[in-house]
Amino acid sequence: MKKKFWENTDIPAPKARKIPHHTPLFNYTINDPWYWIRDKENTEVISHLQAENVYAGRITAHLQILRETLYNEILGRITEDDSTVPERDGLFLYYSKTEQGKSYEIHCRKANDVATEEIILDENLLAAGHEYFDLGDLEISEDHRFLAYSTDMDGSEKYTIRIKDLSENKLLNDVIINTNGTVIWLNDQSGFYYASLDQTMRPYRVYLHLLHQKQKNDVLVYEEKNLAYSVFLDKSKSRKYIFLGAASHISTEYYYIEADHPQSSPILFHKRADNIEYALSHQDNYFFIVTNENATNFKLYKTEVNRPEKENWIEVLPENPAFYLEGCECFKEYIVLYGRQRGNRSIKILFNDSVEIYEIPFPDEVYTFSEGENPEYDQHTIRLEYSSPIYPKTIFDFDLRTKTFTTRKEQEILGGYDRSLYHCERQFAQSADGTSIPVSLVYKKTTPLDYKAPCYLTAYGAYGYCYEPRFSSTWLSLLDRGFVIAIAHIRGGSEMGRHWYEEGKLLNKMNSFSDLIASARFLCDRGYTCTEKLAIEGGSAGGLLVCGTANMAPDICRILIANVPFVDVLQSMLDESLPLTVIEYDEWGNPQDKEYAQYIKQYSPYDNVKTQHYPLMIITAGLNDPRVGYWEPVKLVQRIRELKTDTQPVLCRINMGAGHQGKSGRYGWIEDLAWEWAIAIDVLTEE
């Protein structure tokens with residue numbers, strides 16, 4: 001066996017001192033001696049985090065050349081001077097571009113294909129001098145004169161909104177702070193709606209801001225007082241209605257305002273009810289409603305605009321157990337239905353003048369797509385971005401009249417890429433309860449499947465989020481080194497329908513861990529890899545998944561990578577002052593209920609560290625992370641180091657200038673990826 005890279009090292013791991021802290025819960029007490037690490041105003045905490053970074057750097061210092069090689073490989077496949085395909089929105093074609101050496105996008109427009117380009121916003125100028133930058137929303141007013149945009153400068157996800165007068169190329173004095181970043185313009189461009197945040201980062205109020213006014217003068221339109229709900233804003237494609245409302249993980253409630261009469265009070269469409277979700281769209285004289293009421297996989301209704309009461313709803317599309325209806329998009333002459341079937345994304349088209357339902361065909365067994373902006377109401381094509389694990393991103397326009405595709409752009413992979421050299425497939429692992437778990441696989445055709453190939457297995461499994469099997473040019477750095485890459489589509493996502501989500505949340509959450517363990521064992525049993533050659537990765541709730549798996553089945557893999565992992569589930573869900581806690585009771589359960597507390601305690605990684613061997617662990621955190629407090633992964637590292645019985649290191653890398661998403665810009669994330677992959681390649685291959 002290849003020598004481990006950390007053998008014979010005398011570099012000591014950072015050790016944080018222990019301070020007694022107890023959280024009472026029913027008839028037992030949570031003992032957390034590292035609770036004090038939550039206080040980032042404490043200089044000792046910052047010193048400890050910096051020491052973790054120094055330790056991780058020293059342990060992996062010998063991989064510097066490999067990291068640089070990987071960085072250059074990944075960057076070398078990217079067309080740095082690139083642009084998106086322009087999309088028509090009223091008077092202009094809008095698009096964005098990137099330029100070599102610049103980290104961020106430049107947003108542009110022009111009247112037609114041969115007109116002079118106008119730069120409306122350069123993110124690079126906004127980001128200059130800042131360690132972190134993220135553009136939230138970018139919205140053009142209806143007359144195309146004003147641009148509203150929102151920015152986050154530290155990864156905290158608190159966005160500030162500013163307005164640019166494009167006719168004079170200057171900023172207005174309007175500055176709106178403490179928002180979730182969303183902007184919805186009024187039809188007369190006199191102002192816009194936005195949502196502000198409470199102390200737990202929950203969007204809870206909708207305000208109307210009129211241009212050239214101070215934020216303190218903004219009009220409160222709606223306030224959501226239930227801590228389990230967040231407010232949202234949207235605008236119908238018809239531009240006739242502004243939608244606002246509140247949503248939890250299991251319930252929604254919509255209000256609407258005529259966009260030409262913004263001073264009118266919001267009108268309730270349909271009152272919220274527990275476990276009932278719905279989404280609202282508009283076309284001509286009808287509202288269209290996608291809802292799960294008496295329909296696990298959702299169904300479609302419509303009702304006349306002036307008769308929104310439930311008794312007037314007309315069923316348009318009944319529930320289909322084989323088609324999970326995720327949403328609809330209303331154009332003037334078409335209703336486009338987005339959903340899932342056979343584990344993949346799917347599109348169906350309803351034509352206004354007939355009862356025909358047309359399904360857009362796609363060529364591959366394993367694939368995904370995302371829809372474009374498609375901003376115009378009266379358009380006859382829809383833009384789609386299609387890819388598969390071996391099919392690079394391709395932009396198509398699908399003509400709804402002729403039912404034909406037009407290729408608008410194919411992703412260029414610099415250095416050459418021949419997809420005929422790679423193979424993609426979908427297999428099914430059997431979980432402990434007999435459920436078949438889809439596993440998407442990609443590998444080079446020359447890779448021998450003889451139990452010796454290194455494998456990179458990734459999964460998520462929460463919030464109903466689907467882990468899409470899309471192309472990534474970064475994967476080539478692993479595939480060309482003989483790796484098998486696998487995505488386990490475990491329960492907790494919605495890949496196989498809404499029931500797939502329900503079976504992986506609350507008191508069913510243990511299914512997610514069982515599914516991942518089964519997927520890993522399947523890969524080893526079928527010869528795709530072996531335990532000593534397997535790396536398992538997950539981020540955020542996926543980090544919870546892989547860290548929990550390390551406690552339950554520590555011998556399942558050689559390397560475990562957990563990015564910003566949610567690992568202190570029990571204590572975090574007891575602390576209502578934290579962002580997301582109350583909102584997420586519907587996902588994890590409220591531990592103030594004894595049944596949920598006992599169940600969460602079964603899998604919460606921080607509460608289940610054991611005196612046992614662990615795989616090599618790579619764990620990351622973000623100091624400004626509002627979703628998963630940096631202290632969660634940092635505390636987990638301390639507990640594992642204290643109890644584990646092997647000599648393998650636990651590496652903890654903290655991004656001191658960013659949040660949940662890691663480094664910003666198109667170069668920073670490559671550095672982080674190269675650091676992680678260099679370790680995986682060094683340990684799992686002979687390179």
# chains A, B, ... in the order shown; residues from 1 in each chain; ligands from 1
>>> residues_around(residues="Glu80 in chain A", least_positions_apart="2", cutoff="8 Å", atoms="only C-alpha atoms", output="number ranges by chain")
A: 78, 82, 98-101
>>> write_last_selection(atoms="C-alpha atoms", output="PDB file, in the first residue's frame")
ATOM      1  CA  ILE A  78     -12.053  27.259 -19.191  1.00  0.00           C
ATOM      2  CA  ASP A  82     -16.475  34.167 -22.998  1.00  0.00           C
ATOM      3  CA  THR A  98     -16.067  37.313 -18.777  1.00  0.00           C
ATOM      4  CA  GLU A  99     -12.557  38.480 -19.588  1.00  0.00           C
ATOM      5  CA  GLN A 100      -9.218  36.822 -18.978  1.00  0.00           C
ATOM      6  CA  GLY A 101      -7.775  37.553 -15.559  1.00  0.00           C
TER       7      GLY A 101
END
>>> residues_around(residues="Glu373 in chain A", least_positions_apart="2", cutoff="8 Å", atoms="only C-alpha atoms", output="list in words")
Glu87, Glu371, Pro375 and Arg383 of chain A
>>> closest_atom_pairs(of="range 464-563 of chain A", to="range 654-677 of chain A", cutoff="12 Å", atoms="only C-alpha atoms", output="JSON lines")
{"residue": "A:Ser473", "atom": "CA", "partner": "A:Ile670", "partner_atom": "CA", "distance": 11.6}
{"residue": "A:Thr474", "atom": "CA", "partner": "A:Ile670", "partner_atom": "CA", "distance": 8.8}
{"residue": "A:Trp475", "atom": "CA", "partner": "A:Trp677", "partner_atom": "CA", "distance": 10.1}
{"residue": "A:Leu476", "atom": "CA", "partner": "A:Trp677", "partner_atom": "CA", "distance": 11.8}
{"residue": "A:Ser477", "atom": "CA", "partner": "A:Trp677", "partner_atom": "CA", "distance": 8.9}
{"residue": "A:Leu478", "atom": "CA", "partner": "A:Trp677", "partner_atom": "CA", "distance": 8.2}
{"residue": "A:Leu479", "atom": "CA", "partner": "A:Trp677", "partner_atom": "CA", "distance": 11.9}
{"residue": "A:Arg481", "atom": "CA", "partner": "A:Trp677", "partner_atom": "CA", "distance": 11.4}
{"residue": "A:Phe483", "atom": "CA", "partner": "A:Trp677", "partner_atom": "CA", "distance": 11.4}
{"residue": "A:Ala535", "atom": "CA", "partner": "A:Trp677", "partner_atom": "CA", "distance": 10.0}
{"residue": "A:Ile536", "atom": "CA", "partner": "A:Trp677", "partner_atom": "CA", "distance": 11.8}
{"residue": "A:Glu537", "atom": "CA", "partner": "A:Glu676", "partner_atom": "CA", "distance": 10.2}
{"residue": "A:Gly539", "atom": "CA", "partner": "A:His660", "partner_atom": "CA", "distance": 9.6}
{"residue": "A:Ser540", "atom": "CA", "partner": "A:His660", "partner_atom": "CA", "distance": 8.1}
{"residue": "A:Ala541", "atom": "CA", "partner": "A:His660", "partner_atom": "CA", "distance": 11.5}
{"residue": "A:Ile559", "atom": "CA", "partner": "A:Glu676", "partner_atom": "CA", "distance": 10.5}
{"residue": "A:Leu560", "atom": "CA", "partner": "A:Glu676", "partner_atom": "CA", "distance": 10.4}
{"residue": "A:Ile561", "atom": "CA", "partner": "A:Glu676", "partner_atom": "CA", "distance": 7.8}
{"residue": "A:Ala562", "atom": "CA", "partner": "A:Glu676", "partner_atom": "CA", "distance": 10.3}
{"residue": "A:Asn563", "atom": "CA", "partner": "A:His660", "partner_atom": "CA", "distance": 9.0}
>>> closest_residue(among="A:Glu277, A:Glu359, A:Asp625, A:Asp188", to="Leu210 in chain A", atoms="only C-alpha atoms")
A:Asp188
>>> closest_residue(among="A:Thr529, A:Ser281, A:Asn344, A:Ser440", to="Met496 in chain A", atoms="only C-alpha atoms")
A:Asn344
>>> atom_distance(atom1="CA of Tyr229 in chain A", atom2="CA of Val567 in chain A")
23.5 Å
>>> decode(residues="range 275-302 of chain A", atoms="N, CA and C atoms", output="CSV table (one decimal), in the first residue's frame")
chain,number,residue,atom,x,y,z
A,275,ASN,N,-49.0,21.7,5.6
A,275,ASN,CA,-48.7,20.7,4.7
A,275,ASN,C,-49.3,20.9,3.3
A,276,ILE,N,-49.7,22.1,3.0
A,276,ILE,CA,-50.2,22.4,1.6
A,276,ILE,C,-49.4,23.5,1.0
A,277,GLU,N,-48.8,23.2,-0.1
A,277,GLU,CA,-47.9,24.1,-0.9
A,277,GLU,C,-48.6,24.4,-2.2
A,278,TYR,N,-48.5,25.6,-2.6
A,278,TYR,CA,-48.9,26.0,-4.0
A,278,TYR,C,-48.1,27.1,-4.5
A,279,ALA,N,-48.1,27.2,-5.9
A,279,ALA,CA,-47.4,28.3,-6.6
A,279,ALA,C,-48.3,28.8,-7.6
A,280,LEU,N,-48.2,30.2,-7.8
A,280,LEU,CA,-49.1,30.9,-8.6
A,280,LEU,C,-48.5,31.5,-9.9
A,281,SER,N,-49.1,31.3,-11.0
A,281,SER,CA,-48.7,31.9,-12.3
A,281,SER,C,-49.9,32.6,-12.9
A,282,HIS,N,-49.7,33.4,-14.0
A,282,HIS,CA,-50.8,34.1,-14.6
A,282,HIS,C,-50.6,34.1,-16.1
A,283,GLN,N,-51.8,33.8,-16.8
A,283,GLN,CA,-51.9,33.9,-18.2
A,283,GLN,C,-53.3,34.4,-18.6
A,284,ASP,N,-53.3,35.6,-19.2
A,284,ASP,CA,-54.5,36.2,-19.7
A,284,ASP,C,-55.6,36.4,-18.6
A,285,ASN,N,-56.7,35.7,-18.7
A,285,ASN,CA,-57.7,35.8,-17.7
A,285,ASN,C,-57.7,34.8,-16.6
A,286,TYR,N,-56.6,34.0,-16.5
A,286,TYR,CA,-56.5,32.9,-15.6
A,286,TYR,C,-55.3,33.0,-14.7
A,287,PHE,N,-55.4,32.6,-13.4
A,287,PHE,CA,-54.3,32.2,-12.6
A,287,PHE,C,-54.2,30.7,-12.7
A,288,PHE,N,-52.9,30.2,-12.8
A,288,PHE,CA,-52.6,28.8,-12.8
A,288,PHE,C,-52.0,28.4,-11.5
A,289,ILE,N,-52.4,27.3,-10.9
A,289,ILE,CA,-52.0,26.9,-9.5
A,289,ILE,C,-51.4,25.5,-9.6
A,290,VAL,N,-50.1,25.4,-9.1
A,290,VAL,CA,-49.5,24.1,-8.9
A,290,VAL,C,-49.5,23.8,-7.4
A,291,THR,N,-50.2,22.7,-7.0
A,291,THR,CA,-50.4,22.4,-5.6
A,291,THR,C,-50.2,20.9,-5.3
A,292,ASN,N,-49.9,20.7,-4.0
A,292,ASN,CA,-49.8,19.3,-3.6
A,292,ASN,C,-51.0,18.9,-2.7
A,293,GLU,N,-52.1,19.7,-2.7
A,293,GLU,CA,-53.2,19.4,-1.9
A,293,GLU,C,-53.9,18.1,-2.5
A,294,ASN,N,-53.9,17.1,-1.7
A,294,ASN,CA,-54.5,15.8,-2.2
A,294,ASN,C,-53.7,15.3,-3.4
A,295,ALA,N,-52.4,15.6,-3.5
A,295,ALA,CA,-51.6,15.2,-4.6
A,295,ALA,C,-50.1,15.2,-4.3
A,296,THR,N,-49.6,14.1,-3.8
A,296,THR,CA,-48.2,14.0,-3.4
A,296,THR,C,-47.2,14.6,-4.4
A,297,ASN,N,-47.5,14.2,-5.7
A,297,ASN,CA,-46.6,14.7,-6.8
A,297,ASN,C,-47.1,16.0,-7.5
A,298,PHE,N,-48.0,16.7,-6.8
A,298,PHE,CA,-48.5,17.9,-7.3
A,298,PHE,C,-49.4,17.8,-8.6
A,299,LYS,N,-50.3,18.7,-8.7
A,299,LYS,CA,-51.2,18.8,-9.9
A,299,LYS,C,-51.5,20.2,-10.2
A,300,LEU,N,-52.1,20.5,-11.4
A,300,LEU,CA,-52.3,21.8,-11.9
A,300,LEU,C,-53.7,22.2,-12.0
A,301,TYR,N,-54.1,23.4,-11.5
A,301,TYR,CA,-55.4,23.9,-11.6
A,301,TYR,C,-55.3,25.3,-12.3
A,302,LYS,N,-56.5,25.8,-12.7
A,302,LYS,CA,-56.6,27.2,-13.2
A,302,LYS,C,-57.9,27.7,-12.6
